[in-house]
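Q: Starting off with a structure, shown below.
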Amino acid sequence: MKKNNLFKAISIIPVIIYSITLILLPLLYIFFLSFQKNDSYGGIIYELTLTNYFTIIDLTYLKVFLKSALIGIITTVLCILISYPFALILKNKSSKVQNLCTKLVMVPFLTNSLIRTYGWIVLLRKNGVINATLQALHITNAPLNLMYNNIGIIIGMTYTLLPFMILPLCSAVFKIDKSLIEAAKDLGASRMQIFKNIIVPESISGVFNGSLMVFIPAIGYFFIADILGGGKEMIIGNLIKNQFLTARNWPLGSAISIFLILITFILVKIYQKLGGKMDDLGGM
Amino acid sequence: MKKSFFKNIFIALVFTFLYLPIIILVIYSFNASKMNVLFTTFTFSWYKTLFYNKDLLEAFFNTLIIAATSTIISTIIGTLSAVGLNKYNFFGKSLILKLIYIPIVIPEIVLGISLLSIYTLTKLELGMFTLILSHIAFSIPFVIVSVRTTISKELNSIEEAAKDLGASPLKTFMLITLPIIKPGVVSGATLALTLSLDDVVISYFTAGPGSNTLPLKIYSMIKTGITPDVNALSTLLLLATIIILTVSTITQSRKVVTK
Amino acid sequence: MKKVIMFIIVLFIVTGCENKSENTLNVLNWSSYIPDEVITSFEKEYNIKVNYGTYSSNEELLAKISSSKEGTYDVIFPSDYMVELMREKGLIEKLDTTKITNLNHLNPLFLGQEYDPNNLYSIPFLSTIVVIAVNRENITDEITSYNDLLNDKYKNNIVFLDDQRIVIGMALLATNHDMNDTSIEALNDAKEWLLKMKKNIKAYDSDSPKTFLITKETDIGVMWNAEAEIAREENENIEIIYPREGHAISIDNYCIASSAKNVENAYLFIDYLMRYESAFDIVAEYPYISPLRIEQKSEVFPGDIFKNGYYVKNIGSRMKDYDKLWADIK
């Protein structure tokens, strides 16, 4: 009996301590901070206030929220548009090819994401590889503005987050029973009908899963906006980073974070309503 | 015939998109010019200068230490927790079960600033310790989730049987549970390792003096001007990744054959 | 597998112990400011390990110092107005100048400035002014004033420093205000000016604006003098212009953070950087204006930085308005 308790203790106590000290308390603390005042030198004045929440509905910040949402949505849609055909084409290949291709999707993902983002600078800048190639082939006359703007950010986000869409979508699409599609074909269903009535319903969970794992980082990855946006295009991530690391307004930064948590929870609730499982989000 | 041609082109385009920035970096690691703009002449010299770039190497070793430590600790805690949460009921379990998903779903930046705030509040000095702690914080849930996928009803009944035969819980865990959940533990550990090696956002907020990690170092170098020895280091790391993946694929397929 | 894990654990313990060695120095400095070789030779000479971190603006420095535990950093390099602010907030310590033997290397011109009249808390390290760099291959118009940059022809063709006080200060100068004006009218004028400028700005960058000119990403840049001079070394068509309205002066100083743990090492470091040879190595790589009596590498004559130059001043709690304006125009 005693031994039983010992194992219970060593298997349960660490996770309790962990989830309380490293998850619950930090989040409760920033929730608390979001209702405090700041003294403009970086100090916190412990006085209850709603100022921070009024500040974030100011036009300046609302614009950033809207732009982030737009960037997040465009990135997610682009990822879906790339991943769906990719998964569907691979579905007809042998499992060997499927395995190889999913591994090949993983490889870039295992190298440093910043160095890959840097690779995009070399490609996208005014005298970069893409512009040089386009001009050499006489496709364009003047260099295109591919970075230091929203286009650059969207390319960078789509690139960095694509595996999060491809992998769940592939595993969902690969699981669809081929005989189901064959049967539909025999019954004279068009390709569109097959896609709409069989493939989409059978793989939609992968789309939801991928969308969540793409959209949420896409509004927070400040370093991509920073590097490919030239310091003038801000997303919510930059806003929070600036409040904490330059504007010294932790309460305001906390309020924006709480707002972001709220958005996340709403999205997760929708995901669960649509039948998504939480455990699928953590697996790769 | 034509259709399958276009299909293959599409797959090729996706891989071009995924590999283009990496190929560019590899090419420029052999470029004599420092600016990464024009390709002048072929050289291996950046691979040599790399070994004299003290800051870059130090950041690289810091990253390895943080990744190894946080992976070991989070794998141990995560595995035990997954088993414990499956086996036992206790007060507040439902809350804990909700909490562990938070690091997976909330934006990393929120976790980063909340950890920074709590470190500041408790006057913890930012450095290697806080970095390791933070990496453990975001890795554990991924390990738990990944181990849970391998815990099945069958496992529970085998454990029951072992208990009836008088095996202690620890013995049951070591001899029965662990071998069964091993694939989940391995994939959880791999995930924790990859996440830690590549983490930018959380490290950005929780690093202190003398605890630069490779991603942070590269971030600051991108801003001040990258030298091609970074390309050289990335090329070597990429090579290592590909070798490890190939070896693991080969050994896996061999196992299948011998079975 | 077990062996690998054991190896990693041993490695960790070994390196962990190594990190504990007492002889360290935690430096927080501007990016692109001291060549690595200078730091390395200091480390070798004194057997002190320097943990070197960087920041890109005074505001970032202030945030880092005020949010980290006291004693995290030893030597920091705040600019003029930030010295005053940090002194008021008790973030820097009084210096013991008897420990700095090379004090006599300083050019008195740089001492006793308004922000620290008796140099009790700060000793000048390097100074710089804001200039306009123009690539004459593509831009032939006459440019003498900040207002000339509003030209529609320069759409998406200018890089600015990512520094709120400098950029807002510049907008204030361009709209005939004092560089440190905090009145609502002045700030509104500055905001309007910057919003008009927005279409021409390709990027904000403080860490390496020179790269934009060198790689021809933009043809115009508003940047620190040394950045512009390095760009000109790479491309002789770059012209450096000293704007008519005047320029922002920035004097960056050695300061010791309050409750610094390695004070002795900090003095050794400061003294080392104040040697003529070190100072020369620094300006040879980054041609800022050294307050030491050495042969300057910059074309700006030390005495000239004060002519038509303005300091960014400590504006206390009005910083909030600047923070807000900065968020608005970005």
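Letters A, B, ... go to the chains of the structure tokens in the order shown; residues in each chain start at 1; ligands are counted from 1 in the same order.
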Tell me as number ranges by chain which residues belonging to chain A come within 6 Å of chain B, counting only C-alpha atoms.
A: A: 4, 11-12, 15, 26-27, 112, 116, 119-120, 216-217, 220, 257, 279, 282
Q: Find the residues of chain C in contact range of chain A, meaning any atom within 7 Å when counting only C-alpha atoms, and list them as a PyMOL selection string.
A: chain C and resi 59-60+63-64+66+202-205+217+317+319-320+323+328+330
Q: Counting only C-alpha atoms, what is within 9 Å of A:Ile56, bar same-chain residues fewer than 5 positions away, as a ChimeraX atom specification?
A: /A:51,61-62,252,255-256
Q: Which residues of chain B are close to chain C, meaning at most 8 Å apart when you count only C-alpha atoms, and how do they look as a list of chain:residue names?
A: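 Using only C-alpha atoms, chain B residues at most 8 Å from chain C: B:Val37, B:Ile65, B:Ala68, B:Thr69, B:Thr120, B:Lys123, B:Leu124, B:Glu125, B:Leu126, B:Gly208, B:Pro209, B:Gly210, B:Lys223, B:Thr224, B:Gly225.
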Q: Write out as a list of chain:residue names each polymer residue whose atoms come within 9 Å of B:Ala32, counting only C-alpha atoms; drop sequence neighbours fewer than 2 positions from it.
A: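 Listing them by chain and then by number gives B:Tyr28, B:Ser29, B:Phe30, B:Lys34, B:Phe39, B:Thr40, B:Thr41, B:Phe42, B:Thr43, B:Phe44, B:Ser45, B:Trp46, B:Pro228.
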Q: Find the residues near stretch 219-236 of chain C: any atom within 6 Å, counting only C-alpha atoms, skip ones fewer than 2 places away on the same chain, and give them as a PDB file with N, CA and C atoms, in the first residue's frame.
A:
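Written file, result_17.pdb:
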ATOM      1  N   ILE C 129      26.489  61.649 -34.470  1.00  0.00           N
ATOM      2  CA  ILE C 129      25.390  62.538 -34.843  1.00  0.00           C
ATOM      3  C   ILE C 129      24.574  61.851 -35.921  1.00  0.00           C
ATOM      4  N   VAL C 130      23.342  62.349 -36.103  1.00  0.00           N
ATOM      5  CA  VAL C 130      22.481  61.771 -37.130  1.00  0.00           C
ATOM      6  C   VAL C 130      22.733  62.476 -38.458  1.00  0.00           C
ATOM      7  N   VAL C 131      22.939  61.711 -39.497  1.00  0.00           N
ATOM      8  CA  VAL C 131      23.197  62.289 -40.820  1.00  0.00           C
ATOM      9  C   VAL C 131      22.263  61.648 -41.849  1.00  0.00           C
ATOM     10  N   ILE C 132      22.258  62.236 -43.043  1.00  0.00           N
ATOM     11  CA  ILE C 132      21.499  61.627 -44.146  1.00  0.00           C
ATOM     12  C   ILE C 132      22.510  61.065 -45.135  1.00  0.00           C
ATOM     13  N   ALA C 133      22.353  59.807 -45.495  1.00  0.00           N
ATOM     14  CA  ALA C 133      23.238  59.213 -46.499  1.00  0.00           C
ATOM     15  C   ALA C 133      22.434  59.011 -47.773  1.00  0.00           C
ATOM     16  N   VAL C 134      23.025  59.426 -48.903  1.00  0.00           N
ATOM     17  CA  VAL C 134      22.304  59.346 -50.178  1.00  0.00           C
ATOM     18  C   VAL C 134      23.171  58.652 -51.212  1.00  0.00           C
ATOM     19  N   ASN C 135      22.596  57.694 -51.904  1.00  0.00           N
ATOM     20  CA  ASN C 135      23.323  57.030 -52.979  1.00  0.00           C
ATOM     21  C   ASN C 135      23.144  57.850 -54.259  1.00  0.00           C
ATOM     22  N   ASN C 157      11.884  54.247 -50.441  1.00  0.00           N
ATOM     23  CA  ASN C 157      13.311  54.304 -50.776  1.00  0.00           C
ATOM     24  C   ASN C 157      14.177  54.843 -49.639  1.00  0.00           C
ATOM     25  N   ILE C 158      13.601  54.950 -48.431  1.00  0.00           N
ATOM     26  CA  ILE C 158      14.371  55.530 -47.322  1.00  0.00           C
ATOM     27  C   ILE C 158      14.391  54.558 -46.138  1.00  0.00           C
ATOM     28  N   VAL C 159      15.530  54.448 -45.484  1.00  0.00           N
ATOM     29  CA  VAL C 159      15.580  53.701 -44.225  1.00  0.00           C
ATOM     30  C   VAL C 159      15.819  54.698 -43.088  1.00  0.00           C
ATOM     31  N   PHE C 160      15.054  54.542 -42.011  1.00  0.00           N
ATOM     32  CA  PHE C 160      15.171  55.408 -40.838  1.00  0.00           C
ATOM     33  C   PHE C 160      15.733  54.611 -39.667  1.00  0.00           C
ATOM     34  N   LEU C 161      16.319  55.321 -38.718  1.00  0.00           N
ATOM     35  CA  LEU C 161      16.714  54.655 -37.472  1.00  0.00           C
ATOM     36  C   LEU C 161      15.448  54.206 -36.743  1.00  0.00           C
ATOM     37  N   LYS C 210      23.171  50.672 -42.519  1.00  0.00           N
ATOM     38  CA  LYS C 210      24.130  50.733 -43.634  1.00  0.00           C
ATOM     39  C   LYS C 210      23.877  49.630 -44.657  1.00  0.00           C
ATOM     40  N   LEU C 213      21.793  50.527 -47.586  1.00  0.00           N
ATOM     41  CA  LEU C 213      22.434  51.291 -48.653  1.00  0.00           C
ATOM     42  C   LEU C 213      23.446  50.450 -49.414  1.00  0.00           C
ATOM     43  N   ILE C 214      24.170  49.615 -48.689  1.00  0.00           N
ATOM     44  CA  ILE C 214      25.206  48.812 -49.343  1.00  0.00           C
ATOM     45  C   ILE C 214      24.576  47.817 -50.313  1.00  0.00           C
ATOM     46  N   ILE C 238      28.106  57.102 -52.335  1.00  0.00           N
ATOM     47  CA  ILE C 238      27.248  57.551 -51.237  1.00  0.00           C
ATOM     48  C   ILE C 238      27.754  58.879 -50.698  1.00  0.00           C
ATOM     49  N   TYR C 286      34.396  50.945 -36.480  1.00  0.00           N
ATOM     50  CA  TYR C 286      33.148  51.715 -36.467  1.00  0.00           C
ATOM     51  C   TYR C 286      33.506  53.183 -36.315  1.00  0.00           C
ATOM     52  N   PRO C 287      33.581  53.937 -37.417  1.00  0.00           N
ATOM     53  CA  PRO C 287      34.104  55.306 -37.354  1.00  0.00           C
ATOM     54  C   PRO C 287      33.200  56.313 -36.639  1.00  0.00           C
ATOM     55  N   TYR C 288      32.901  56.056 -35.383  1.00  0.00           N
ATOM     56  CA  TYR C 288      32.205  57.047 -34.563  1.00  0.00           C
ATOM     57  C   TYR C 288      33.230  58.062 -34.088  1.00  0.00           C
TER      58      TYR C 288
END
Q: Neighbours of stretch 68-84 of chain A within 9 Å (only C-alpha atoms; same-chain residues fewer than 3 positions away dropped), as number ranges by chain?
A: A: 63-65, 87-89, 150, 153-155, 157-159, 161-167, 169-170, 173, 207, 210-212, 214-220, 234-237; B: 14
Q: By how many Å are atom CA of B:Leu64 and atom CA of B:Tyr52 apart?
A: 18.5 Å
Q: So which residues of stretch 92-167 of chain A fall under helix (DSSP H, G or I) by DSSP, listed as an MDAnalysis selection string?
A: chainID A and resid 95:109 113:124 129:136 150:167
Q: Restricted to N, CA and C atoms, what would the selected residues look like written as a compact mmCIF listing (two decimals), in the first residue's frame?
A:
# COMPACT_ATOMS: atom_id res chain seq x y z
N SER A 95 2.87 3.91 -50.40
CA SER A 95 3.12 4.38 -49.04
C SER A 95 4.59 4.74 -48.84
N LYS A 96 5.45 4.13 -49.64
CA LYS A 96 6.87 4.45 -49.57
C LYS A 96 7.09 5.91 -49.95
N VAL A 97 6.48 6.31 -51.08
CA VAL A 97 6.60 7.70 -51.55
C VAL A 97 5.98 8.64 -50.52
N GLN A 98 4.83 8.24 -49.99
CA GLN A 98 4.16 9.07 -48.98
C GLN A 98 5.07 9.31 -47.78
N ASN A 99 5.70 8.23 -47.31
CA ASN A 99 6.60 8.35 -46.16
C ASN A 99 7.76 9.27 -46.46
N LEU A 100 8.35 9.06 -47.63
CA LEU A 100 9.51 9.87 -48.02
C LEU A 100 9.12 11.34 -48.07
N CYS A 101 7.97 11.61 -48.71
CA CYS A 101 7.56 13.00 -48.88
C CYS A 101 7.26 13.68 -47.54
N THR A 102 6.58 12.96 -46.63
CA THR A 102 6.32 13.60 -45.33
C THR A 102 7.63 13.83 -44.57
N LYS A 103 8.58 12.91 -44.71
CA LYS A 103 9.89 13.12 -44.08
C LYS A 103 10.56 14.35 -44.68
N LEU A 104 10.47 14.47 -46.00
CA LEU A 104 11.09 15.61 -46.67
C LEU A 104 10.45 16.94 -46.27
N VAL A 105 9.17 16.88 -45.88
CA VAL A 105 8.54 18.10 -45.38
C VAL A 105 9.11 18.45 -44.02
N MET A 106 9.46 17.41 -43.25
CA MET A 106 9.98 17.63 -41.90
C MET A 106 11.39 18.20 -41.88
N VAL A 107 12.22 17.81 -42.87
CA VAL A 107 13.65 18.17 -42.79
C VAL A 107 13.91 19.67 -42.63
N PRO A 108 13.33 20.53 -43.50
CA PRO A 108 13.61 21.95 -43.32
C PRO A 108 13.13 22.44 -41.96
N PHE A 109 12.05 21.81 -41.51
CA PHE A 109 11.44 22.18 -40.24
C PHE A 109 12.39 21.88 -39.07
N SER A 113 14.78 27.94 -37.57
CA SER A 113 13.79 28.71 -38.32
C SER A 113 14.27 30.12 -38.64
N LEU A 114 15.17 30.67 -37.80
CA LEU A 114 15.66 32.01 -38.10
C LEU A 114 16.57 32.02 -39.30
N ILE A 115 17.38 30.97 -39.40
CA ILE A 115 18.31 30.93 -40.52
C ILE A 115 17.52 30.74 -41.82
N ARG A 116 16.39 30.04 -41.73
CA ARG A 116 15.56 29.90 -42.94
C ARG A 116 14.91 31.23 -43.28
N THR A 117 14.50 31.97 -42.25
CA THR A 117 13.94 33.29 -42.50
C THR A 117 14.99 34.19 -43.15
N TYR A 118 16.23 34.04 -42.68
CA TYR A 118 17.31 34.81 -43.29
C TYR A 118 17.47 34.43 -44.75
N GLY A 119 17.32 33.14 -45.04
CA GLY A 119 17.36 32.69 -46.43
C GLY A 119 16.35 33.45 -47.29
N TRP A 120 15.19 33.73 -46.71
CA TRP A 120 14.19 34.50 -47.46
C TRP A 120 14.64 35.93 -47.72
N ILE A 121 15.40 36.51 -46.81
CA ILE A 121 15.91 37.86 -47.08
C ILE A 121 16.76 37.83 -48.34
N VAL A 122 17.66 36.84 -48.40
CA VAL A 122 18.55 36.74 -49.55
C VAL A 122 17.74 36.55 -50.83
N LEU A 123 16.62 35.83 -50.72
CA LEU A 123 15.79 35.59 -51.90
C LEU A 123 14.95 36.79 -52.29
N LEU A 124 14.37 37.47 -51.28
CA LEU A 124 13.31 38.44 -51.57
C LEU A 124 13.78 39.87 -51.75
N VAL A 129 17.82 37.05 -55.08
CA VAL A 129 17.83 36.01 -56.11
C VAL A 129 16.57 36.05 -56.97
N ILE A 130 15.41 36.22 -56.33
CA ILE A 130 14.16 36.19 -57.11
C ILE A 130 14.06 37.37 -58.07
N ASN A 131 14.32 38.57 -57.55
CA ASN A 131 14.25 39.74 -58.42
C ASN A 131 15.29 39.67 -59.54
N ALA A 132 16.48 39.21 -59.20
CA ALA A 132 17.53 39.11 -60.23
C ALA A 132 17.11 38.14 -61.33
N THR A 133 16.52 37.00 -60.91
CA THR A 133 16.09 36.00 -61.89
C THR A 133 14.97 36.55 -62.77
N LEU A 134 13.97 37.17 -62.12
CA LEU A 134 12.84 37.71 -62.89
C LEU A 134 13.30 38.75 -63.91
N GLN A 135 14.27 39.58 -63.49
CA GLN A 135 14.74 40.61 -64.41
C GLN A 135 15.61 40.02 -65.52
N ALA A 136 16.39 39.01 -65.16
CA ALA A 136 17.24 38.38 -66.17
C ALA A 136 16.39 37.69 -67.23
N ASN A 150 3.89 43.76 -46.02
CA ASN A 150 3.06 42.63 -45.60
C ASN A 150 3.27 41.38 -46.44
N ILE A 151 3.63 41.57 -47.72
CA ILE A 151 3.87 40.41 -48.58
C ILE A 151 4.99 39.56 -47.99
N GLY A 152 6.06 40.22 -47.61
CA GLY A 152 7.20 39.51 -47.01
C GLY A 152 6.78 38.74 -45.78
N ILE A 153 5.98 39.41 -44.92
CA ILE A 153 5.55 38.74 -43.68
C ILE A 153 4.72 37.50 -44.01
N ILE A 154 3.81 37.64 -44.97
CA ILE A 154 2.94 36.50 -45.31
C ILE A 154 3.75 35.35 -45.90
N ILE A 155 4.72 35.68 -46.75
CA ILE A 155 5.58 34.61 -47.31
C ILE A 155 6.31 33.91 -46.17
N GLY A 156 6.89 34.70 -45.28
CA GLY A 156 7.66 34.13 -44.17
C GLY A 156 6.81 33.26 -43.26
N MET A 157 5.60 33.74 -42.94
CA MET A 157 4.70 32.99 -42.06
C MET A 157 4.26 31.70 -42.73
N THR A 158 3.85 31.80 -44.00
CA THR A 158 3.37 30.62 -44.71
C THR A 158 4.47 29.57 -44.74
N TYR A 159 5.68 30.04 -45.02
CA TYR A 159 6.81 29.12 -45.10
C TYR A 159 7.06 28.42 -43.77
N THR A 160 7.13 29.24 -42.71
CA THR A 160 7.47 28.68 -41.40
C THR A 160 6.38 27.76 -40.88
N LEU A 161 5.13 28.07 -41.18
CA LEU A 161 4.03 27.33 -40.55
C LEU A 161 3.44 26.23 -41.43
N LEU A 162 3.87 26.18 -42.69
CA LEU A 162 3.30 25.19 -43.61
C LEU A 162 3.31 23.74 -43.09
N PRO A 163 4.40 23.26 -42.47
CA PRO A 163 4.39 21.88 -41.99
C PRO A 163 3.26 21.59 -41.01
N PHE A 164 2.85 22.60 -40.24
CA PHE A 164 1.77 22.40 -39.27
C PHE A 164 0.45 22.12 -39.96
N MET A 165 0.33 22.52 -41.24
CA MET A 165 -0.88 22.23 -41.99
C MET A 165 -0.71 20.95 -42.81
N ILE A 166 0.43 20.83 -43.47
CA ILE A 166 0.64 19.67 -44.35
C ILE A 166 0.54 18.37 -43.56
N LEU A 167 1.20 18.29 -42.42
CA LEU A 167 1.27 17.02 -41.72
C LEU A 167 -0.08 16.51 -41.22
Q: Between atom CA of C:Thr140 and atom CA of C:Ile201, what distance in Å does the model show, to one decimal?
A: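 Distance reported for this atom pair: 18.6 Å.
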Q: Hey, what's within 12 Å of C:Val312 if we count only C-alpha atoms and toss same-chain stuff fewer than 6 positions away? As an MDAnalysis selection string, please?
A: chainID C and resid 58 79:85 114:115 129:130 163:170 172:173 178:182 247:252 319
Q: Can you spit out the residues from that selection as a PDB file, in the first residue's frame, using C-alpha atoms?
A:
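Writing the result to again-v1.pdb gives the following:
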ATOM      1  CA  ASN C  58      18.030  53.546 -25.030  1.00  0.00           C
ATOM      2  CA  SER C  79      23.261  57.885 -24.052  1.00  0.00           C
ATOM      3  CA  ASP C  80      23.183  61.362 -22.544  1.00  0.00           C
ATOM      4  CA  TYR C  81      19.493  61.723 -21.612  1.00  0.00           C
ATOM      5  CA  MET C  82      19.311  58.114 -20.472  1.00  0.00           C
ATOM      6  CA  VAL C  83      22.220  58.698 -18.083  1.00  0.00           C
ATOM      7  CA  GLU C  84      20.205  61.453 -16.428  1.00  0.00           C
ATOM      8  CA  LEU C  85      17.069  59.315 -16.266  1.00  0.00           C
ATOM      9  CA  GLU C 114      24.429  69.017 -19.073  1.00  0.00           C
ATOM     10  CA  TYR C 115      23.224  65.465 -18.443  1.00  0.00           C
ATOM     11  CA  ILE C 129      25.390  62.538 -34.843  1.00  0.00           C
ATOM     12  CA  VAL C 130      22.481  61.771 -37.130  1.00  0.00           C
ATOM     13  CA  ASP C 163      14.704  54.987 -32.413  1.00  0.00           C
ATOM     14  CA  GLN C 164      11.686  56.897 -31.200  1.00  0.00           C
ATOM     15  CA  ARG C 165      13.455  59.887 -29.661  1.00  0.00           C
ATOM     16  CA  ILE C 166      15.714  60.398 -32.665  1.00  0.00           C
ATOM     17  CA  VAL C 167      12.990  60.034 -35.292  1.00  0.00           C
ATOM     18  CA  ILE C 168      10.400  62.126 -33.432  1.00  0.00           C
ATOM     19  CA  GLY C 169      13.143  64.653 -32.647  1.00  0.00           C
ATOM     20  CA  MET C 170      13.956  64.856 -36.335  1.00  0.00           C
ATOM     21  CA  LEU C 172      10.134  68.183 -34.609  1.00  0.00           C
ATOM     22  CA  LEU C 173      13.211  69.873 -36.086  1.00  0.00           C
ATOM     23  CA  ASP C 178      12.545  72.242 -30.423  1.00  0.00           C
ATOM     24  CA  MET C 179      13.858  68.688 -30.598  1.00  0.00           C
ATOM     25  CA  ASN C 180      12.538  67.989 -27.104  1.00  0.00           C
ATOM     26  CA  ASP C 181       9.195  69.745 -27.384  1.00  0.00           C
ATOM     27  CA  THR C 182       6.451  67.920 -25.531  1.00  0.00           C
ATOM     28  CA  HIS C 247      21.304  67.103 -36.088  1.00  0.00           C
ATOM     29  CA  ALA C 248      20.726  65.041 -33.001  1.00  0.00           C
ATOM     30  CA  ILE C 249      23.878  64.494 -30.932  1.00  0.00           C
ATOM     31  CA  SER C 250      24.282  61.317 -29.048  1.00  0.00           C
ATOM     32  CA  ILE C 251      27.052  60.737 -26.518  1.00  0.00           C
ATOM     33  CA  ASP C 252      27.114  57.197 -25.235  1.00  0.00           C
ATOM     34  CA  MET C 319       7.841  59.802 -22.389  1.00  0.00           C
TER      35      MET C 319
END
Q: Restricting the calculation to only C-alpha atoms: of A:Lys273, A:Phe223, A:Met278, A:Pro251, which residue gets closest to A:Tyr46?
A: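 Counting only C-alpha atoms, the residue closest to A:Tyr46 is A:Pro251.
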